[in-house]
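Reviewing the structure listed below.
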Amino acid sequence: MKSSIEDTTTSPAKGRVWLVGAGPGDVELLTLKALRVLRLCEVWLVDDLVGRDILELARPGTRIIEVGKRGGCTSTPQEFILRLMESHARQGRTVARVKGGDPYIFGRAGEEIAWLTERGIEAQSVSGITAGLAVAGALGLPLTHRGVARGVTLVTAHTADGTQPDWQALARSGLSIVCYMGMSKPRALAQQWLEAGFAPTLPVAVVQHVSCATQRHACTTLEHLAATIEAQGLASPAIIVLGEAVRHAQAQGVAFQAAPQAMPCAGRG
Ligand code: SAH
């Protein structure tokens with residue numbers, strides 16, 4: 001079967017948009033397909049969670065537009081980004097919307113693809129390794145460890161409408177909980193988790209800059225989560241993992257510490 005990349009980018013007159021998952025940051029975690037598609041694209045609209053090394057892979061002459069949207073920072077309004085993609089595509093360009101991790105995991109791919117296709121712009125996506133799952137390889141953390149975790153769920157602590165996952169149900173689920181966007185109020189979040197029925201002694205891991213040279217992490221228990229984050233100065237972007245599986249993390253330099261003391265953060269190792 002012919003590759004869809006070759007099939008769909010042959011007409012120079014017809015622009016299109018690719019939503020490309022760039023993975024968690026380490027350039028080597030970019031998929032081969034993402035690399036091929038990126039090198040076809042003349043314009044890249046790049047999120048700020050995208051590893052900077054990935055920009056070096058652009059063909060000479062590629063127009064790179066940074067459109068970071070991190071909470072609390074100066075960001076490009078979503079509507080403007082959508083219009084920018086539309087405008088370049090209408091001018092016959094192949095556009096990459098380069099997103100951290102996977103475009104469909106808390107990455108708005110669903111709404112962006114719908115918006116573009118409604119306007120007659122061809123839009124497709126390329127999967128990326130999502131940050132929450134990259135934690136497994138980064139820490140040797142077996143998210144679905146047999147006999148310990150029945151599965152894994154990806155949740156966000158921060159939603160546009162203020163709603164929350166059903167924490168009580170998750171506390172009873174026996175799943176490893178991988179939480180995105182949980183670093184703005186860790187003390188309140190940990191309190192919510194305790195009230196929902198997660199055990200104070202439940203192991204938790206916090207991993208900042210997963211897979212990047214700047215990766216830092218801490219493994220502790222839920223009751224010491226906020227104090228550990230504060231003591232070690234861990235901050236967004238980070239993933240918090242809750243669950244017994246954390247106790248089995250075994251990458252070099254990963255130490256499980258139930259005690260609340262500030263411990264030195266290990267690097268990527
Ligand atoms: N689409 C992305 C998620 C974007 S939402 C993905 O699939 O990974 C933004 C949140 O993702 C951040 O607040 C943080 O919780 C998480 N995140 C993204 N990249 C990260 C990284 N390299 N290290 C740790 N967390 C990351």
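Chain lettering (A, B, ...) mirrors the order of the structure tokens, residue numbering begins at 1 for each chain separately, and ligand numbering begins at 1 in order of display.
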
Quiz item: Quick one: residues within 7 Å of ligand 1, with only C-alpha atoms and all ligand atoms, as a ChimeraX atom specification?
Solution: /A:23-25,49,99-107,129-132,179-182,207-212,236-239

Quiz item: Among stretch 89-165 of chain A, which ones does DSSP place in strand (DSSP E), written as number ranges by chain?
Solution: A: 94-99, 122-126, 151-156

Residues just named, written with N, CA and C atoms as an mmCIF file, in the first residue's frame:
```
data_model
loop_
_atom_site.group_PDB
_atom_site.id
_atom_site.type_symbol
_atom_site.label_atom_id
_atom_site.label_comp_id
_atom_site.auth_asym_id
_atom_site.auth_seq_id
_atom_site.Cartn_x
_atom_site.Cartn_y
_atom_site.Cartn_z
ATOM 1 N N THR A 94 1.679 23.518 2.579
ATOM 2 C CA THR A 94 1.523 22.371 3.474
ATOM 3 C C THR A 94 1.974 22.837 4.851
ATOM 4 N N VAL A 95 1.051 22.769 5.776
ATOM 5 C CA VAL A 95 1.267 23.375 7.086
ATOM 6 C C VAL A 95 1.368 22.287 8.153
ATOM 7 N N ALA A 96 2.340 22.425 9.030
ATOM 8 C CA ALA A 96 2.413 21.521 10.190
ATOM 9 C C ALA A 96 2.011 22.303 11.427
ATOM 10 N N ARG A 97 1.056 21.756 12.136
ATOM 11 C CA ARG A 97 0.741 22.288 13.469
ATOM 12 C C ARG A 97 1.440 21.320 14.409
ATOM 13 N N VAL A 98 2.580 21.766 14.966
ATOM 14 C CA VAL A 98 3.436 20.856 15.721
ATOM 15 C C VAL A 98 3.098 20.959 17.213
ATOM 16 N N LYS A 99 2.678 19.833 17.767
ATOM 17 C CA LYS A 99 2.211 19.856 19.152
ATOM 18 C C LYS A 99 3.046 18.928 20.016
ATOM 19 N N GLU A 122 -8.168 20.285 4.033
ATOM 20 C CA GLU A 122 -7.791 18.915 4.378
ATOM 21 C C GLU A 122 -6.880 18.933 5.593
ATOM 22 N N ALA A 123 -7.235 18.131 6.567
ATOM 23 C CA ALA A 123 -6.427 18.093 7.794
ATOM 24 C C ALA A 123 -6.292 16.656 8.265
ATOM 25 N N GLN A 124 -5.075 16.289 8.624
ATOM 26 C CA GLN A 124 -4.783 14.944 9.121
ATOM 27 C C GLN A 124 -3.827 15.046 10.295
ATOM 28 N N SER A 125 -3.654 13.935 10.964
ATOM 29 C CA SER A 125 -2.780 14.007 12.129
ATOM 30 C C SER A 125 -1.755 12.878 12.128
ATOM 31 N N VAL A 126 -0.720 13.099 12.882
ATOM 32 C CA VAL A 126 0.320 12.080 13.092
ATOM 33 C C VAL A 126 0.469 11.895 14.603
ATOM 34 N N GLY A 151 -4.813 -1.171 35.047
ATOM 35 C CA GLY A 151 -4.787 -0.393 33.810
ATOM 36 C C GLY A 151 -4.284 0.990 34.127
ATOM 37 N N VAL A 152 -4.455 1.877 33.179
ATOM 38 C CA VAL A 152 -3.950 3.240 33.373
ATOM 39 C C VAL A 152 -4.974 4.201 32.786
ATOM 40 N N THR A 153 -5.105 5.336 33.439
ATOM 41 C CA THR A 153 -6.027 6.335 32.908
ATOM 42 C C THR A 153 -5.319 7.686 32.835
ATOM 43 N N LEU A 154 -5.623 8.431 31.787
ATOM 44 C CA LEU A 154 -5.028 9.755 31.596
ATOM 45 C C LEU A 154 -6.082 10.794 31.950
ATOM 46 N N VAL A 155 -5.764 11.654 32.897
ATOM 47 C CA VAL A 155 -6.742 12.657 33.328
ATOM 48 C C VAL A 155 -6.087 14.028 33.382
ATOM 49 N N THR A 156 -6.924 15.042 33.364
ATOM 50 C CA THR A 156 -6.402 16.386 33.594
ATOM 51 C C THR A 156 -7.027 16.948 34.858
#
```

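Going from atom CA of A:Trp44 to atom CA of A:Met85 covers 9.3 Å.
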
Alpha helix (DSSP H) per DSSP on the backbone: members of stretch 27-250 of chain A, as a short mmCIF file (atom, residue, chain, number, x, y, z; two decimals) with C-alpha atoms, in the first residue's frame:
```cif
data_model
loop_
_atom_site.label_atom_id
_atom_site.label_comp_id
_atom_site.auth_asym_id
_atom_site.auth_seq_id
_atom_site.Cartn_x
_atom_site.Cartn_y
_atom_site.Cartn_z
CA LEU A 32 9.61 8.45 11.63
CA LYS A 33 6.29 9.46 10.17
CA ALA A 34 6.31 12.74 12.08
CA LEU A 35 9.81 13.43 10.77
CA ARG A 36 8.81 12.71 7.17
CA VAL A 37 5.68 14.83 7.39
CA LEU A 38 7.49 17.69 9.09
CA ARG A 39 10.06 17.75 6.33
CA LEU A 40 7.29 18.07 3.77
CA ARG A 52 13.59 22.77 20.74
CA ASP A 53 15.90 20.22 19.07
CA ILE A 54 13.01 19.24 16.84
CA LEU A 55 13.08 22.66 15.20
CA GLN A 78 -6.56 29.78 19.58
CA GLU A 79 -8.74 31.57 17.02
CA PHE A 80 -5.67 33.31 15.61
CA ILE A 81 -3.81 30.00 15.26
CA LEU A 82 -6.76 28.44 13.47
CA ARG A 83 -6.97 31.38 11.05
CA LEU A 84 -3.23 31.23 10.46
CA MET A 85 -3.43 27.54 9.52
CA GLU A 86 -6.39 28.27 7.26
CA SER A 87 -4.72 31.18 5.56
CA HIS A 88 -1.46 29.30 4.81
CA ALA A 89 -3.36 26.25 3.58
CA ARG A 90 -5.53 28.40 1.30
CA ALA A 109 -6.68 18.02 17.84
CA GLY A 110 -10.35 17.05 17.70
CA GLU A 111 -11.57 20.62 17.63
CA GLU A 112 -8.86 21.86 15.28
CA ILE A 113 -9.41 19.10 12.71
CA ALA A 114 -13.19 19.68 12.87
CA TRP A 115 -12.73 23.45 12.43
CA LEU A 116 -10.48 22.99 9.39
CA THR A 117 -12.54 20.29 7.67
CA GLU A 118 -15.72 22.34 8.15
CA ALA A 131 4.08 12.85 27.97
CA GLY A 132 2.09 10.81 30.47
CA LEU A 133 3.00 7.52 28.86
CA ALA A 134 6.60 8.59 28.25
CA VAL A 135 6.93 8.67 32.04
CA ALA A 136 6.93 4.87 31.95
CA GLY A 137 10.13 4.65 29.92
CA ALA A 138 11.69 7.69 31.57
CA LEU A 139 11.41 6.30 35.10
CA TRP A 167 -11.87 11.25 41.74
CA GLN A 168 -13.82 8.97 44.10
CA ALA A 169 -14.42 6.47 41.33
CA LEU A 170 -10.77 6.67 40.29
CA ALA A 171 -9.65 6.15 43.90
CA PRO A 186 -0.65 20.93 44.10
CA ARG A 187 -1.68 21.39 47.74
CA ALA A 188 -5.37 21.77 46.89
CA LEU A 189 -5.20 18.91 44.41
CA ALA A 190 -3.54 16.53 46.88
CA GLN A 191 -6.19 17.46 49.45
CA GLN A 192 -8.93 16.68 46.95
CA TRP A 193 -7.37 13.32 46.22
CA LEU A 194 -7.15 12.48 49.93
CA GLU A 195 -10.80 13.49 50.44
CA ALA A 196 -11.80 11.34 47.45
CA LEU A 225 3.18 15.28 47.56
CA ALA A 226 2.70 19.03 47.95
CA ALA A 227 5.61 19.43 50.39
CA THR A 228 7.88 17.49 48.05
CA ILE A 229 6.87 19.56 45.01
CA GLU A 230 7.53 22.73 46.97
CA ALA A 231 10.79 21.55 48.53
CA GLN A 232 12.20 20.48 45.21
#
```

Practice problem: Tell me which protein, DNA and RNA residues are within 8 Å of A:Arg93, counting only C-alpha atoms, leaving out same-chain ones fewer than 3 positions away, and put them as an MDAnalysis selection string. | Solution: chainID A and resid 12:16 41:43 88:90

Create the file for the chosen residues now, containing C-alpha atoms and written as a short mmCIF file (atom, residue, chain, number, x, y, z; two decimals), in the first residue's frame.
```
data_model
loop_
_atom_site.label_atom_id
_atom_site.label_comp_id
_atom_site.auth_asym_id
_atom_site.auth_seq_id
_atom_site.Cartn_x
_atom_site.Cartn_y
_atom_site.Cartn_z
CA PRO A 12 1.37 21.91 -4.87
CA ALA A 13 -1.77 23.92 -5.57
CA LYS A 14 -3.69 22.42 -2.72
CA GLY A 15 -2.68 23.29 0.78
CA ARG A 16 -3.33 21.09 3.73
CA CYS A 41 5.76 21.07 5.46
CA GLU A 42 6.69 24.60 4.43
CA VAL A 43 5.16 26.27 7.46
CA HIS A 88 -1.46 29.30 4.81
CA ALA A 89 -3.36 26.25 3.58
CA ARG A 90 -5.53 28.40 1.30
#
```

Exercise. Just the residues within 8 Å of A:Leu242, please, counting only C-alpha atoms, with nothing from its chain fewer than 5 positions along; format it as a PyMOL selection string.
Key: chain A and resi 176-178+202-205+222

Using all heavy atoms, can you write the selected residues to a file as an mmCIF file, in the first residue's frame?
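Okay, this is what ended up in part_25.cif:
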```cif
data_model
loop_
_atom_site.group_PDB
_atom_site.id
_atom_site.type_symbol
_atom_site.label_atom_id
_atom_site.label_comp_id
_atom_site.auth_asym_id
_atom_site.auth_seq_id
_atom_site.Cartn_x
_atom_site.Cartn_y
_atom_site.Cartn_z
ATOM 1 N N SER A 176 -3.598 2.940 37.526
ATOM 2 C CA SER A 176 -2.586 3.994 37.685
ATOM 3 C C SER A 176 -3.200 5.265 37.113
ATOM 4 O O SER A 176 -3.752 5.249 36.006
ATOM 5 C CB SER A 176 -1.324 3.669 36.898
ATOM 6 O OG SER A 176 -0.709 2.506 37.388
ATOM 7 N N ILE A 177 -3.093 6.353 37.861
ATOM 8 C CA ILE A 177 -3.686 7.623 37.410
ATOM 9 C C ILE A 177 -2.547 8.516 36.911
ATOM 10 O O ILE A 177 -1.618 8.821 37.669
ATOM 11 C CB ILE A 177 -4.402 8.361 38.569
ATOM 12 C CG1 ILE A 177 -5.320 7.421 39.365
ATOM 13 C CG2 ILE A 177 -5.128 9.600 38.049
ATOM 14 C CD1 ILE A 177 -6.479 6.854 38.636
ATOM 15 N N VAL A 178 -2.633 8.914 35.674
ATOM 16 C CA VAL A 178 -1.611 9.786 35.082
ATOM 17 C C VAL A 178 -2.259 11.154 34.889
ATOM 18 O O VAL A 178 -3.165 11.315 34.075
ATOM 19 C CB VAL A 178 -1.125 9.208 33.744
ATOM 20 C CG1 VAL A 178 -0.199 10.181 33.045
ATOM 21 C CG2 VAL A 178 -0.417 7.871 33.983
ATOM 22 N N LEU A 202 -0.341 6.276 49.441
ATOM 23 C CA LEU A 202 -0.267 5.857 48.030
ATOM 24 C C LEU A 202 0.984 6.458 47.375
ATOM 25 O O LEU A 202 1.226 7.665 47.486
ATOM 26 C CB LEU A 202 -1.520 6.349 47.280
ATOM 27 C CG LEU A 202 -1.671 5.863 45.842
ATOM 28 C CD1 LEU A 202 -1.937 4.356 45.813
ATOM 29 C CD2 LEU A 202 -2.802 6.599 45.145
ATOM 30 N N PRO A 203 1.776 5.656 46.690
ATOM 31 C CA PRO A 203 2.964 6.218 46.025
ATOM 32 C C PRO A 203 2.574 7.171 44.877
ATOM 33 O O PRO A 203 1.605 6.906 44.159
ATOM 34 C CB PRO A 203 3.673 4.982 45.466
ATOM 35 C CG PRO A 203 3.098 3.821 46.186
ATOM 36 C CD PRO A 203 1.702 4.195 46.560
ATOM 37 N N VAL A 204 3.318 8.247 44.763
ATOM 38 C CA VAL A 204 3.112 9.193 43.657
ATOM 39 C C VAL A 204 4.470 9.570 43.062
ATOM 40 O O VAL A 204 5.484 9.608 43.770
ATOM 41 C CB VAL A 204 2.385 10.503 44.081
ATOM 42 C CG1 VAL A 204 0.960 10.242 44.514
ATOM 43 C CG2 VAL A 204 3.138 11.231 45.166
ATOM 44 N N ALA A 205 4.442 9.853 41.781
ATOM 45 C CA ALA A 205 5.649 10.359 41.118
ATOM 46 C C ALA A 205 5.300 11.671 40.434
ATOM 47 O O ALA A 205 4.199 11.820 39.897
ATOM 48 C CB ALA A 205 6.148 9.351 40.075
ATOM 49 N N LEU A 222 1.329 10.267 48.628
ATOM 50 C CA LEU A 222 0.350 11.338 48.429
ATOM 51 C C LEU A 222 0.371 12.351 49.571
ATOM 52 O O LEU A 222 0.312 13.555 49.340
ATOM 53 C CB LEU A 222 -1.048 10.718 48.264
ATOM 54 C CG LEU A 222 -2.197 11.684 48.063
ATOM 55 C CD1 LEU A 222 -1.921 12.666 46.930
ATOM 56 C CD2 LEU A 222 -3.493 10.927 47.819
#
```

Self-check item: Separation of atom CA of A:Gly128 from atom CA of A:Thr31, in Å and rounded to one decimal
Solution: 6.8 Å

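The closest residue to A:Leu175, picked from A:Arg59, A:Arg108, A:Arg216, A:His145 and counting only C-alpha atoms, is A:His145.
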
Quiz item: Any idea what the distance is between atom CA of A:Val241 and atom CA of A:Val50?
Solution: 21.4 Å
